[in-house]
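J.: As input, take data01.cif (mmCIF, C-alpha atoms and all ligand atoms):
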```cif
data_upload
loop_
_atom_site.label_atom_id
_atom_site.label_comp_id
_atom_site.auth_asym_id
_atom_site.auth_seq_id
_atom_site.Cartn_x
_atom_site.Cartn_y
_atom_site.Cartn_z
CA THR A 1 -0.18 1.59 -19.89
CA PHE A 2 0.47 3.48 -16.68
CA THR A 3 3.10 2.79 -14.05
CA PRO A 4 1.34 1.79 -10.80
CA ARG A 5 1.21 4.68 -8.36
CA VAL A 6 -0.81 5.08 -5.15
CA PHE A 7 -2.42 8.36 -4.05
CA SER A 8 -4.75 9.09 -1.15
CA GLY A 9 -5.71 12.04 1.06
CA ILE A 10 -7.33 13.04 4.33
CA GLN A 11 -8.89 16.36 5.30
CA PRO A 12 -7.12 18.31 8.04
CA SER A 13 -10.40 19.24 9.66
CA GLY A 14 -9.60 18.12 13.21
CA ASN A 15 -10.71 15.07 15.21
CA LEU A 16 -8.66 12.46 13.36
CA HIS A 17 -10.45 9.25 14.37
CA LEU A 18 -10.28 5.47 14.43
CA GLY A 19 -12.26 5.26 11.16
CA ASN A 20 -9.63 7.37 9.40
CA TYR A 21 -6.94 5.16 10.91
CA LEU A 22 -8.42 1.76 10.07
CA GLY A 23 -10.13 2.76 6.82
CA ALA A 24 -7.25 4.81 5.47
CA ILE A 25 -3.96 5.53 7.29
CA LYS A 26 -3.22 1.97 8.44
CA ARG A 27 -3.71 0.78 4.87
CA PHE A 28 -1.55 3.61 3.51
CA VAL A 29 1.24 2.27 5.70
CA ASP A 30 0.67 -1.29 4.42
CA MET A 31 1.08 -0.07 0.82
CA GLN A 32 4.48 1.45 1.48
CA GLY A 33 7.62 -0.42 0.53
CA GLN A 34 5.95 -2.71 -1.98
CA GLY A 35 7.94 -1.21 -4.83
CA ILE A 36 5.11 1.15 -5.79
CA GLU A 37 5.40 4.93 -5.44
CA THR A 38 3.01 6.21 -2.74
CA VAL A 39 1.78 9.80 -2.40
CA TYR A 40 -0.18 10.79 0.72
CA CYS A 41 -1.83 14.16 1.07
CA MET A 42 -3.40 16.46 3.61
CA VAL A 43 -6.22 18.01 1.61
CA ASP A 44 -6.60 21.48 3.11
CA LEU A 45 -8.29 22.84 -0.03
CA HIS A 46 -11.03 20.25 0.56
CA ALA A 47 -11.30 21.15 4.24
CA ILE A 48 -12.23 24.78 3.47
CA THR A 49 -15.28 23.73 1.45
CA VAL A 50 -16.92 24.14 4.87
CA TRP A 51 -15.86 26.88 7.31
CA GLN A 52 -12.53 26.31 9.10
CA ASP A 53 -11.14 28.65 11.69
CA PRO A 54 -7.73 29.68 10.22
CA ALA A 55 -5.67 28.94 13.35
CA ASP A 56 -7.41 25.58 13.77
CA LEU A 57 -6.73 24.68 10.13
CA THR A 58 -3.00 25.39 10.51
CA ARG A 59 -2.87 23.28 13.67
CA SER A 60 -4.98 20.44 12.24
CA THR A 61 -2.77 20.26 9.15
CA ARG A 62 0.35 19.81 11.30
CA GLU A 63 -1.48 17.38 13.56
CA LEU A 64 -2.58 15.27 10.60
CA CYS A 65 0.99 15.26 9.28
CA ALA A 66 2.15 14.11 12.73
CA GLY A 67 -0.60 11.44 12.68
CA PHE A 68 0.61 10.09 9.34
CA ILE A 69 4.23 9.90 10.47
CA ALA A 70 3.39 8.52 13.94
CA SER A 71 1.30 5.79 12.27
CA GLY A 72 4.24 4.69 10.14
CA ILE A 73 4.22 6.81 6.97
CA ASP A 74 7.88 7.40 6.19
CA PRO A 75 8.34 10.79 4.48
CA GLU A 76 11.39 9.41 2.66
CA GLN A 77 9.63 6.32 1.31
CA SER A 78 6.36 8.09 0.54
CA ILE A 79 5.75 11.58 -0.79
CA LEU A 80 3.93 13.34 2.06
CA ILE A 81 2.35 16.67 1.16
CA ASN A 82 -0.15 19.37 1.97
CA GLN A 83 -2.43 19.99 -1.00
CA SER A 84 -2.26 23.80 -1.16
CA GLN A 85 1.55 23.65 -1.39
CA VAL A 86 1.34 21.80 -4.72
CA PRO A 87 -0.53 24.30 -6.91
CA GLU A 88 -1.00 21.87 -9.82
CA HIS A 89 -3.84 20.17 -7.89
CA ALA A 90 -5.99 23.32 -8.07
CA GLN A 91 -4.84 24.13 -11.60
CA LEU A 92 -5.87 20.73 -12.96
CA ALA A 93 -9.12 20.96 -10.98
CA TRP A 94 -10.09 24.02 -13.02
CA VAL A 95 -9.65 22.08 -16.27
CA PHE A 96 -11.76 19.27 -14.78
CA ASN A 97 -14.45 21.77 -13.71
CA CYS A 98 -14.82 22.45 -17.42
CA VAL A 99 -14.92 18.73 -18.32
CA ALA A 100 -17.30 17.50 -15.59
CA ARG A 101 -21.02 18.26 -15.74
CA MET A 102 -23.06 20.02 -13.03
CA GLY A 103 -25.48 17.11 -12.84
CA TRP A 104 -22.65 14.70 -11.96
CA MET A 105 -21.79 16.81 -8.93
CA GLN A 106 -25.38 17.33 -7.80
CA ARG A 107 -25.90 13.55 -7.70
CA MET A 108 -23.12 12.92 -5.14
CA THR A 109 -24.49 11.63 -1.84
CA GLN A 110 -21.70 13.32 0.16
CA PHE A 111 -22.71 16.69 -1.31
CA LYS A 112 -26.35 16.05 -0.44
CA ASP A 113 -25.42 14.98 3.10
CA LYS A 114 -23.07 17.87 3.77
CA ALA A 115 -25.12 20.57 2.03
CA GLY A 116 -28.24 19.51 3.94
CA LYS A 117 -31.64 21.01 3.23
CA ASN A 118 -30.37 24.41 2.17
CA ALA A 119 -28.13 23.39 -0.75
CA GLN A 120 -28.36 26.87 -2.31
CA ASN A 121 -26.39 28.11 0.66
CA ALA A 122 -23.57 25.53 0.40
CA SER A 123 -20.24 26.78 -0.93
CA LEU A 124 -19.57 26.35 -4.64
CA GLY A 125 -16.43 24.47 -3.54
CA LEU A 126 -18.50 21.84 -1.74
CA LEU A 127 -20.30 21.11 -5.01
CA ALA A 128 -17.03 20.99 -6.98
CA TYR A 129 -15.24 18.88 -4.32
CA PRO A 130 -15.18 15.65 -6.40
CA SER A 131 -13.63 17.50 -9.36
CA LEU A 132 -10.75 18.65 -7.14
CA MET A 133 -10.47 15.11 -5.78
CA ALA A 134 -10.18 13.80 -9.35
CA ALA A 135 -7.40 16.33 -9.94
CA ASP A 136 -5.60 15.25 -6.73
CA ILE A 137 -5.48 11.71 -8.03
CA LEU A 138 -4.93 12.30 -11.74
CA ILE A 139 -2.23 14.99 -11.41
CA TYR A 140 -0.07 11.99 -10.33
CA HIS A 141 -1.56 9.62 -12.92
CA ALA A 142 -2.33 7.53 -9.83
CA THR A 143 -3.63 4.07 -10.65
CA HIS A 144 -4.74 2.99 -7.16
CA VAL A 145 -6.47 4.87 -4.36
CA PRO A 146 -6.90 3.22 -0.94
CA VAL A 147 -10.04 4.71 0.66
CA GLY A 148 -12.99 3.84 2.87
CA GLU A 149 -16.30 2.81 1.35
CA ASP A 150 -17.69 6.36 1.68
CA GLN A 151 -15.39 7.47 -1.15
CA LYS A 152 -16.47 4.87 -3.70
CA GLN A 153 -18.88 7.19 -5.52
CA HIS A 154 -16.22 9.92 -5.79
CA LEU A 155 -13.78 7.41 -7.28
CA GLU A 156 -16.35 6.45 -9.92
CA LEU A 157 -16.69 10.12 -10.76
CA THR A 158 -12.90 10.39 -11.07
CA ARG A 159 -13.02 7.65 -13.70
CA ASP A 160 -15.88 9.43 -15.49
CA ILE A 161 -13.86 12.67 -15.62
CA ALA A 162 -10.73 10.88 -16.88
CA ALA A 163 -12.76 9.06 -19.53
CA LYS A 164 -14.54 12.22 -20.71
CA PHE A 165 -11.27 14.18 -20.89
CA ASN A 166 -9.62 11.37 -22.87
CA HIS A 167 -12.64 11.14 -25.16
CA ASP A 168 -13.17 14.89 -25.69
CA TYR A 169 -9.51 15.47 -26.59
CA GLY A 170 -8.97 12.15 -28.38
CA VAL A 171 -6.12 11.06 -26.12
CA ASP A 172 -5.29 8.23 -23.71
CA PHE A 173 -3.71 10.55 -21.18
CA PHE A 174 -5.41 9.96 -17.82
CA PRO A 175 -5.65 6.46 -16.29
CA LEU A 176 -8.96 5.01 -15.10
CA THR A 177 -8.05 4.82 -11.43
CA GLU A 178 -9.08 1.86 -9.28
CA PRO A 179 -10.34 2.29 -5.73
CA VAL A 180 -8.74 -0.10 -3.24
CA ILE A 181 -11.45 -0.77 -0.66
CA GLU A 182 -10.56 -3.80 1.41
CA GLY A 183 -10.00 -5.02 4.95
CA ALA A 184 -12.15 -5.57 8.01
CA ALA A 185 -12.99 -1.89 8.63
CA THR A 186 -13.68 -0.07 5.37
CA ARG A 187 -16.69 1.50 7.09
CA VAL A 188 -16.29 2.12 10.83
CA MET A 189 -19.61 3.21 12.30
CA SER A 190 -20.43 5.71 15.04
CA LEU A 191 -20.28 4.23 18.56
CA ARG A 192 -23.64 5.90 19.29
CA ASP A 193 -25.57 5.00 16.14
CA GLY A 194 -24.84 1.90 14.05
CA ALA A 195 -26.46 3.50 11.00
CA ARG A 196 -24.04 6.45 10.76
CA LYS A 197 -20.35 6.34 9.91
CA MET A 198 -17.79 7.48 12.44
CA SER A 199 -16.91 10.99 11.30
CA LYS A 200 -14.83 14.04 12.20
CA SER A 201 -17.91 16.20 11.85
CA ASP A 202 -20.21 14.27 14.23
CA PRO A 203 -21.06 16.75 17.02
CA SER A 204 -20.95 13.98 19.64
CA ASP A 205 -17.40 13.25 20.80
CA MET A 206 -18.68 9.96 22.30
CA SER A 207 -19.49 8.79 18.75
CA ARG A 208 -15.84 8.40 17.79
CA ILE A 209 -12.47 7.37 19.14
CA ASN A 210 -10.05 10.18 18.39
CA MET A 211 -6.45 9.23 17.73
CA THR A 212 -5.39 11.62 20.47
CA ASP A 213 -7.79 10.18 23.12
CA ASP A 214 -6.09 8.90 26.28
CA ALA A 215 -6.53 5.34 27.58
CA ASP A 216 -9.32 6.22 30.04
CA THR A 217 -11.29 8.08 27.39
CA ILE A 218 -10.98 5.20 24.92
CA ALA A 219 -12.11 2.70 27.56
CA LYS A 220 -15.06 4.88 28.55
CA LYS A 221 -16.22 5.43 24.97
CA ILE A 222 -16.11 1.70 24.25
CA ARG A 223 -17.85 0.85 27.53
CA LYS A 224 -20.67 3.27 26.64
CA ALA A 225 -20.86 2.21 22.97
CA LYS A 226 -24.36 1.23 21.93
CA THR A 227 -24.86 -2.57 21.67
CA ASP A 228 -27.68 -5.10 21.88
CA PRO A 229 -28.38 -7.54 24.74
CA GLU A 230 -27.39 -10.72 22.88
CA PRO A 231 -24.02 -12.43 23.33
CA LEU A 232 -21.59 -12.52 20.40
CA PRO A 233 -22.44 -15.08 17.70
CA SER A 234 -19.88 -17.72 16.74
CA GLU A 235 -19.59 -16.59 13.10
CA ALA A 236 -19.88 -13.37 11.08
CA ALA A 237 -23.20 -14.40 9.48
CA GLY A 238 -24.77 -13.99 12.93
CA LEU A 239 -24.02 -10.23 12.83
CA GLU A 240 -26.30 -9.66 9.84
CA ASP A 241 -28.96 -7.53 11.55
CA ARG A 242 -26.80 -6.33 14.43
CA PRO A 243 -24.99 -3.22 13.11
CA GLU A 244 -23.57 -2.11 16.49
CA ALA A 245 -22.27 -5.59 17.34
CA ARG A 246 -20.85 -5.97 13.85
CA ASN A 247 -19.08 -2.63 14.15
CA LEU A 248 -17.29 -3.54 17.39
CA VAL A 249 -16.27 -6.95 16.04
CA SER A 250 -15.00 -5.35 12.82
CA ILE A 251 -12.94 -2.84 14.78
CA TYR A 252 -11.44 -5.65 16.86
CA ALA A 253 -10.68 -7.62 13.70
CA ALA A 254 -9.03 -4.67 11.97
CA LEU A 255 -6.93 -3.76 15.01
CA THR A 256 -5.64 -7.34 15.23
CA ASP A 257 -5.12 -7.74 11.44
CA SER A 258 -7.74 -10.47 11.45
CA ASP A 259 -11.31 -10.91 10.16
CA ALA A 260 -14.71 -11.20 11.80
CA ASP A 261 -15.00 -15.00 11.45
CA THR A 262 -11.62 -15.57 13.08
CA VAL A 263 -12.46 -13.18 15.93
CA LEU A 264 -15.83 -14.81 16.53
CA ALA A 265 -14.42 -18.34 16.46
CA GLU A 266 -12.63 -17.26 19.63
CA MET A 267 -15.11 -14.76 21.11
CA GLY A 268 -18.47 -16.33 20.20
CA GLY A 269 -20.80 -16.74 23.21
CA ARG A 270 -19.24 -13.91 25.24
CA GLN A 271 -21.31 -11.00 26.52
CA PHE A 272 -20.41 -7.44 25.57
CA SER A 273 -19.59 -6.78 29.22
CA GLU A 274 -16.68 -9.16 28.69
CA PHE A 275 -15.81 -8.28 25.08
CA LYS A 276 -15.77 -4.48 25.46
CA PRO A 277 -12.84 -4.37 27.93
CA MET A 278 -10.87 -6.68 25.62
CA LEU A 279 -11.59 -4.35 22.70
CA ALA A 280 -10.62 -1.32 24.78
CA GLU A 281 -7.34 -2.96 25.74
CA ILE A 282 -6.35 -3.71 22.15
CA ALA A 283 -7.43 -0.22 20.99
CA VAL A 284 -5.30 1.42 23.68
CA GLU A 285 -2.38 -0.90 22.89
CA LYS A 286 -2.47 0.15 19.21
CA LEU A 287 -3.33 3.84 19.57
CA ALA A 288 -1.37 4.93 22.67
CA PRO A 289 2.08 4.72 21.00
CA ILE A 290 0.74 6.63 17.99
CA SER A 291 -0.74 9.45 20.07
CA ALA A 292 2.43 9.67 22.18
CA GLU A 293 4.53 9.98 19.01
CA MET A 294 2.09 12.57 17.59
CA ALA A 295 2.52 14.68 20.72
CA ARG A 296 6.29 14.42 20.41
CA LEU A 297 6.23 15.52 16.76
CA MET A 298 3.77 18.35 17.47
CA ALA A 299 6.25 19.83 19.92
CA ASP A 300 8.42 20.82 16.91
CA PRO A 301 6.10 22.40 14.31
CA ALA A 302 9.03 23.81 12.32
CA GLU A 303 10.27 20.28 11.62
CA ILE A 304 6.80 19.27 10.39
CA ASP A 305 6.77 22.31 8.10
CA ARG A 306 10.19 21.34 6.72
CA ILE A 307 8.95 17.83 5.95
CA LEU A 308 5.97 19.24 4.07
CA THR A 309 8.08 21.74 2.10
CA ARG A 310 10.39 18.92 1.02
CA GLY A 311 7.37 16.73 0.14
CA ALA A 312 5.92 19.48 -2.04
CA GLN A 313 9.23 19.84 -3.93
CA ARG A 314 9.30 16.12 -4.67
CA ALA A 315 5.62 16.11 -5.65
CA ARG A 316 6.06 18.94 -8.13
CA GLU A 317 8.64 16.93 -10.06
CA ILE A 318 5.67 14.72 -10.96
CA THR A 319 2.81 17.23 -11.10
CA ALA A 320 4.40 20.08 -13.08
CA PRO A 321 5.13 17.97 -16.22
CA ILE A 322 1.66 16.36 -16.09
CA LEU A 323 -0.01 19.78 -15.88
CA ARG A 324 2.19 21.05 -18.74
CA ARG A 325 1.14 18.11 -20.93
CA THR A 326 -2.51 18.62 -19.97
CA TYR A 327 -2.34 22.28 -21.04
CA ASP A 328 -0.67 21.23 -24.31
CA ILE A 329 -3.51 18.77 -25.00
CA VAL A 330 -6.11 21.48 -24.28
CA GLY A 331 -4.23 23.98 -26.49
CA MET A 332 -3.00 26.32 -23.77
P1 LIG B 1 -14.14 12.32 7.50
O1 LIG B 1 -15.21 11.67 6.67
O2 LIG B 1 -14.09 11.79 8.89
O3 LIG B 1 -14.14 13.83 7.42
P2 LIG B 1 -12.19 12.27 5.37
O4 LIG B 1 -13.30 12.67 4.46
O5 LIG B 1 -11.04 13.19 5.52
O6 LIG B 1 -12.77 11.90 6.81
O7 LIG B 1 -11.69 10.86 4.90
C1 LIG B 1 -10.34 10.45 4.98
C2 LIG B 1 -10.22 8.98 4.71
O8 LIG B 1 -10.77 8.24 5.82
C3 LIG B 1 -10.98 8.49 3.47
O9 LIG B 1 -10.21 7.45 2.86
C4 LIG B 1 -12.24 7.92 4.03
O10 LIG B 1 -12.78 6.91 3.20
C5 LIG B 1 -11.74 7.34 5.35
N1 LIG B 1 -12.81 7.29 6.34
C6 LIG B 1 -13.46 8.35 6.87
N2 LIG B 1 -14.39 7.94 7.75
C7 LIG B 1 -14.31 6.58 7.78
C8 LIG B 1 -14.99 5.55 8.50
N3 LIG B 1 -15.94 5.86 9.40
N4 LIG B 1 -14.66 4.26 8.29
C9 LIG B 1 -13.68 3.93 7.40
N5 LIG B 1 -12.99 4.85 6.68
C10 LIG B 1 -13.29 6.15 6.86
NA NA B 2 -15.24 11.44 4.08
#
```
What's the structure tokens form of this structure?
T.:
Amino acid sequence: TFTPRVFSGIQPSGNLHLGNYLGAIKRFVDMQGQGIETVYCMVDLHAITVWQDPADLTRSTRELCAGFIASGIDPEQSILINQSQVPEHAQLAWVFNCVARMGWMQRMTQFKDKAGKNAQNASLGLLAYPSLMAADILIYHATHVPVGEDQKQHLELTRDIAAKFNHDYGVDFFPLTEPVIEGAATRVMSLRDGARKMSKSDPSDMSRINMTDDADTIAKKIRKAKTDPEPLPSEAAGLEDRPEARNLVSIYAALTDSDADTVLAEMGGRQFSEFKPMLAEIAVEKLAPISAEMARLMADPAEIDRILTRGAQRAREITAPILRRTYDIVGM
């Protein structure tokens, strides 16, 4: 049996957005202080699977660290790290590259989406991404991973890799990690297209609310968000075939720590012209203090770097022995 431990990560690829906040960071904060060790990671090695300008990557890594702390991640309570500073992640990933099968990687929908039509021209790292993600999680023997719905398939692959390693070497060394996908906003959609998820890589800035957007920008993006002409229904079942309406209600519910039925019991019958300003107000109320605190932290990059150096030292107390035992099992 494995001691419960939480791990999760976010790519420092710029444009940290409301989907990352509601689907991931806000829930990371909720998992702190429940007597379970929590490890939160900026996954820069994942970010470079697609081209990143070096100066932007450095800045985005610090900005993401500031975003974590400003949102309520306490670097004393949690272990807060940047992936490339804890070399055991990449070292275990190599072992997993030799356990996992090519076909497993080629089946991943995120690979197919990101590689596009010309998959032969995608980086080898983009294909191997889920193997590194498995290593991120399993180098801590993490038992629980809070993520958005988009990561479900990668978590299944993590379990497949752990199971195959355990089977191939006749050990019970890696846990079969559980995804924790819950809450009102596990899949925040684009404000411009209810069929696409809100994403850092969407070329349209109007599609997402960035955590650093000011109040006017947030209000404008919500005002212009795509909707339908019907008023809000009085219960969640009425959102069935209305993806844009459902998205805005889900965002409202998540921001107020509520659920769609509770929100609609109050808001049912209102037009979007009335609901959107209410949503904008609550979004600004929740995000403005975070972005102000991010700006304050970003003014002292050396302090952010110190926090990450300290986090890496603490992390390696866990990762170095687990890598050592892995190598022993493999015969190295
Ligand atoms: P992105 O997909 O925007 O590049 P990442 O891949 O770095 O973001 O994902 C970081 C975390 O944020 C993951 O837990 C992921 O599931 C979550 N996440 C990303 N986009 C969304 C979204 N639109 N809705 C809910 N959660 C999301
Ligand atoms: Na993602």
J.: Find the residues around Leu57 in chain A up to 10 Å (only C-alpha atoms counted), leave out those fewer than 2 positions away in its own chain, and share them as a list of chain:residue names.
T.: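 These residues fall inside the cut-off: A:Gln11, A:Pro12, A:Ser13, A:Gly14, A:Asp44, A:Ala47, A:Ile48, A:Trp51, A:Gln52, A:Asp53, A:Pro54, A:Ala55, A:Arg59, A:Ser60, A:Thr61, A:Arg62, A:Glu63.
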J.: Suppose you want the space between atom C10 of ligand LIG 1 (chain B) and CA of Gly183 in chain A; what is it in Å?
T.: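 These two atoms are separated by 11.8 Å.
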J.: Tell me which of A:Asn247, A:Thr177, A:Asn210, A:Ser258 sits closest to Arg196 in chain A, counting only C-alpha atoms.
T.: A:Asn247
J.: What separation in Å, quoted to one decimal, exists between CA of Tyr169 in chain A and CA of Gly331 in chain A?
T.: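 Going from CA of Tyr169 in chain A over to CA of Gly331 in chain A, I get 10.0 Å.
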J.: Just to confirm, what's the straight-line distance from CA of Arg27 in chain A to CA of Val147 in chain A in Å (one decimal)?
T.: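 Between CA of Arg27 in chain A and CA of Val147 in chain A the gap works out to 8.6 Å.
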J.: Tell me, counting all atoms listed in the file, for each residue of chain A within 12 Å of ligand NA 2 (chain B), which pair of atoms is nearest and how far apart they are in Å to one decimal, in rows ordered by chain and increasing number, as a Markdown table.
T.:
```
| residue | atom | partner | partner_atom | distance |
| --- | --- | --- | --- | --- |
| A:Ser8 | CA | B:NA2 | NA | 12.0 |
| A:Gly9 | CA | B:NA2 | NA | 10.0 |
| A:Ile10 | CA | B:NA2 | NA | 8.1 |
| A:Gln11 | CA | B:NA2 | NA | 8.1 |
| A:Pro12 | CA | B:NA2 | NA | 11.3 |
| A:Ser13 | CA | B:NA2 | NA | 10.7 |
| A:Leu16 | CA | B:NA2 | NA | 11.4 |
| A:His17 | CA | B:NA2 | NA | 11.6 |
| A:Gly19 | CA | B:NA2 | NA | 9.9 |
| A:Asn20 | CA | B:NA2 | NA | 8.7 |
| A:Gly23 | CA | B:NA2 | NA | 10.4 |
| A:Ala24 | CA | B:NA2 | NA | 10.5 |
| A:Val43 | CA | B:NA2 | NA | 11.4 |
| A:His46 | CA | B:NA2 | NA | 10.4 |
| A:Ala47 | CA | B:NA2 | NA | 10.5 |
| A:Thr109 | CA | B:NA2 | NA | 11.0 |
| A:Gln110 | CA | B:NA2 | NA | 7.8 |
| A:Phe111 | CA | B:NA2 | NA | 10.6 |
| A:Asp113 | CA | B:NA2 | NA | 10.8 |
| A:Lys114 | CA | B:NA2 | NA | 10.1 |
| A:Tyr129 | CA | B:NA2 | NA | 11.2 |
| A:Pro130 | CA | B:NA2 | NA | 11.3 |
| A:Met133 | CA | B:NA2 | NA | 11.6 |
| A:Val147 | CA | B:NA2 | NA | 9.2 |
| A:Gly148 | CA | B:NA2 | NA | 8.0 |
| A:Glu149 | CA | B:NA2 | NA | 9.1 |
| A:Asp150 | CA | B:NA2 | NA | 6.1 |
| A:Gln151 | CA | B:NA2 | NA | 6.6 |
| A:Lys152 | CA | B:NA2 | NA | 10.3 |
| A:Gln153 | CA | B:NA2 | NA | 11.1 |
| A:His154 | CA | B:NA2 | NA | 10.0 |
| A:Thr186 | CA | B:NA2 | NA | 11.7 |
| A:Arg187 | CA | B:NA2 | NA | 10.5 |
| A:Val188 | CA | B:NA2 | NA | 11.6 |
| A:Lys197 | CA | B:NA2 | NA | 9.3 |
| A:Met198 | CA | B:NA2 | NA | 9.6 |
| A:Ser199 | CA | B:NA2 | NA | 7.4 |
| A:Lys200 | CA | B:NA2 | NA | 8.5 |
| A:Ser201 | CA | B:NA2 | NA | 9.5 |
| A:Asp202 | CA | B:NA2 | NA | 11.7 |
```
J.: Using all atoms listed in the file, which of A:Gln85, A:Ser207, A:Thr309, A:Thr256 sits nearest Met189 in chain A?
T.: A:Ser207
J.: Step by step, gather every atom of ligand LIG 1 (chain B) that the file lists, find the box along x, y and z that holds them, add 5 Å on each side, and finally give centre and edge lengths in Å to one decimal, as AutoDock Vina command-line options.
T.:
```
--center_x -13.1 --center_y 8.9 --center_z 6.1 --size_x 15.7 --size_y 19.9 --size_z 16.5
```
J.: Using only C-alpha atoms, which of A:Ala265, A:Ala184, A:Ala280, A:Ala135 sits nearest Arg223 in chain A?
T.: A:Ala280
J.: Residues within 12 Å of Ala128 in chain A, please, as a PyMOL selection string. Count all atoms listed in the file; anything in the same chain fewer than 2 positions from it doesn't count.
T.: chain A and resi 45-46+49+90+93-108+110-111+122-126+130-135+154+157
J.: Nearest residue to Thr143 in chain A out of A:Cys65, A:Leu22, A:Leu155, A:Leu308, using only C-alpha atoms?
T.: A:Leu155
J.: Give me the residues near Ala245 in chain A as a PyMOL selection string, where near means some atom within 8 Å (using only C-alpha atoms) and where sequence neighbours in that chain fewer than 2 positions away do not count.
T.: chain A and resi 227-228+232+239+242-243+247-249
J.: I'd like the neighbourhood of range 312-329 of chain A as a short mmCIF file (atom, residue, chain, number, x, y, z; two decimals) with C-alpha atoms, in the frame of the given file, where a residue qualifies if any of its atoms comes within 9 Å (using all atoms listed in the file), though same-chain residues fewer than 3 positions away should be ignored.
T.:
```cif
data_model
loop_
_atom_site.label_atom_id
_atom_site.label_comp_id
_atom_site.auth_asym_id
_atom_site.auth_seq_id
_atom_site.Cartn_x
_atom_site.Cartn_y
_atom_site.Cartn_z
CA VAL A 39 1.78 9.80 -2.40
CA ILE A 79 5.75 11.58 -0.79
CA LEU A 80 3.93 13.34 2.06
CA ILE A 81 2.35 16.67 1.16
CA ASN A 82 -0.15 19.37 1.97
CA GLN A 83 -2.43 19.99 -1.00
CA GLN A 85 1.55 23.65 -1.39
CA VAL A 86 1.34 21.80 -4.72
CA PRO A 87 -0.53 24.30 -6.91
CA GLU A 88 -1.00 21.87 -9.82
CA HIS A 89 -3.84 20.17 -7.89
CA GLN A 91 -4.84 24.13 -11.60
CA LEU A 92 -5.87 20.73 -12.96
CA VAL A 95 -9.65 22.08 -16.27
CA LEU A 138 -4.93 12.30 -11.74
CA ILE A 139 -2.23 14.99 -11.41
CA TYR A 140 -0.07 11.99 -10.33
CA HIS A 141 -1.56 9.62 -12.92
CA TYR A 169 -9.51 15.47 -26.59
CA VAL A 171 -6.12 11.06 -26.12
CA PHE A 173 -3.71 10.55 -21.18
CA ILE A 307 8.95 17.83 5.95
CA LEU A 308 5.97 19.24 4.07
CA THR A 309 8.08 21.74 2.10
CA MET A 332 -3.00 26.32 -23.77
#
```
J.: Out of A:Asp259, A:Asn118, A:Glu235, A:Val330, which residue has the shortest atom-to-atom distance to Asp168 in chain A when counting all atoms listed in the file?
T.: A:Val330
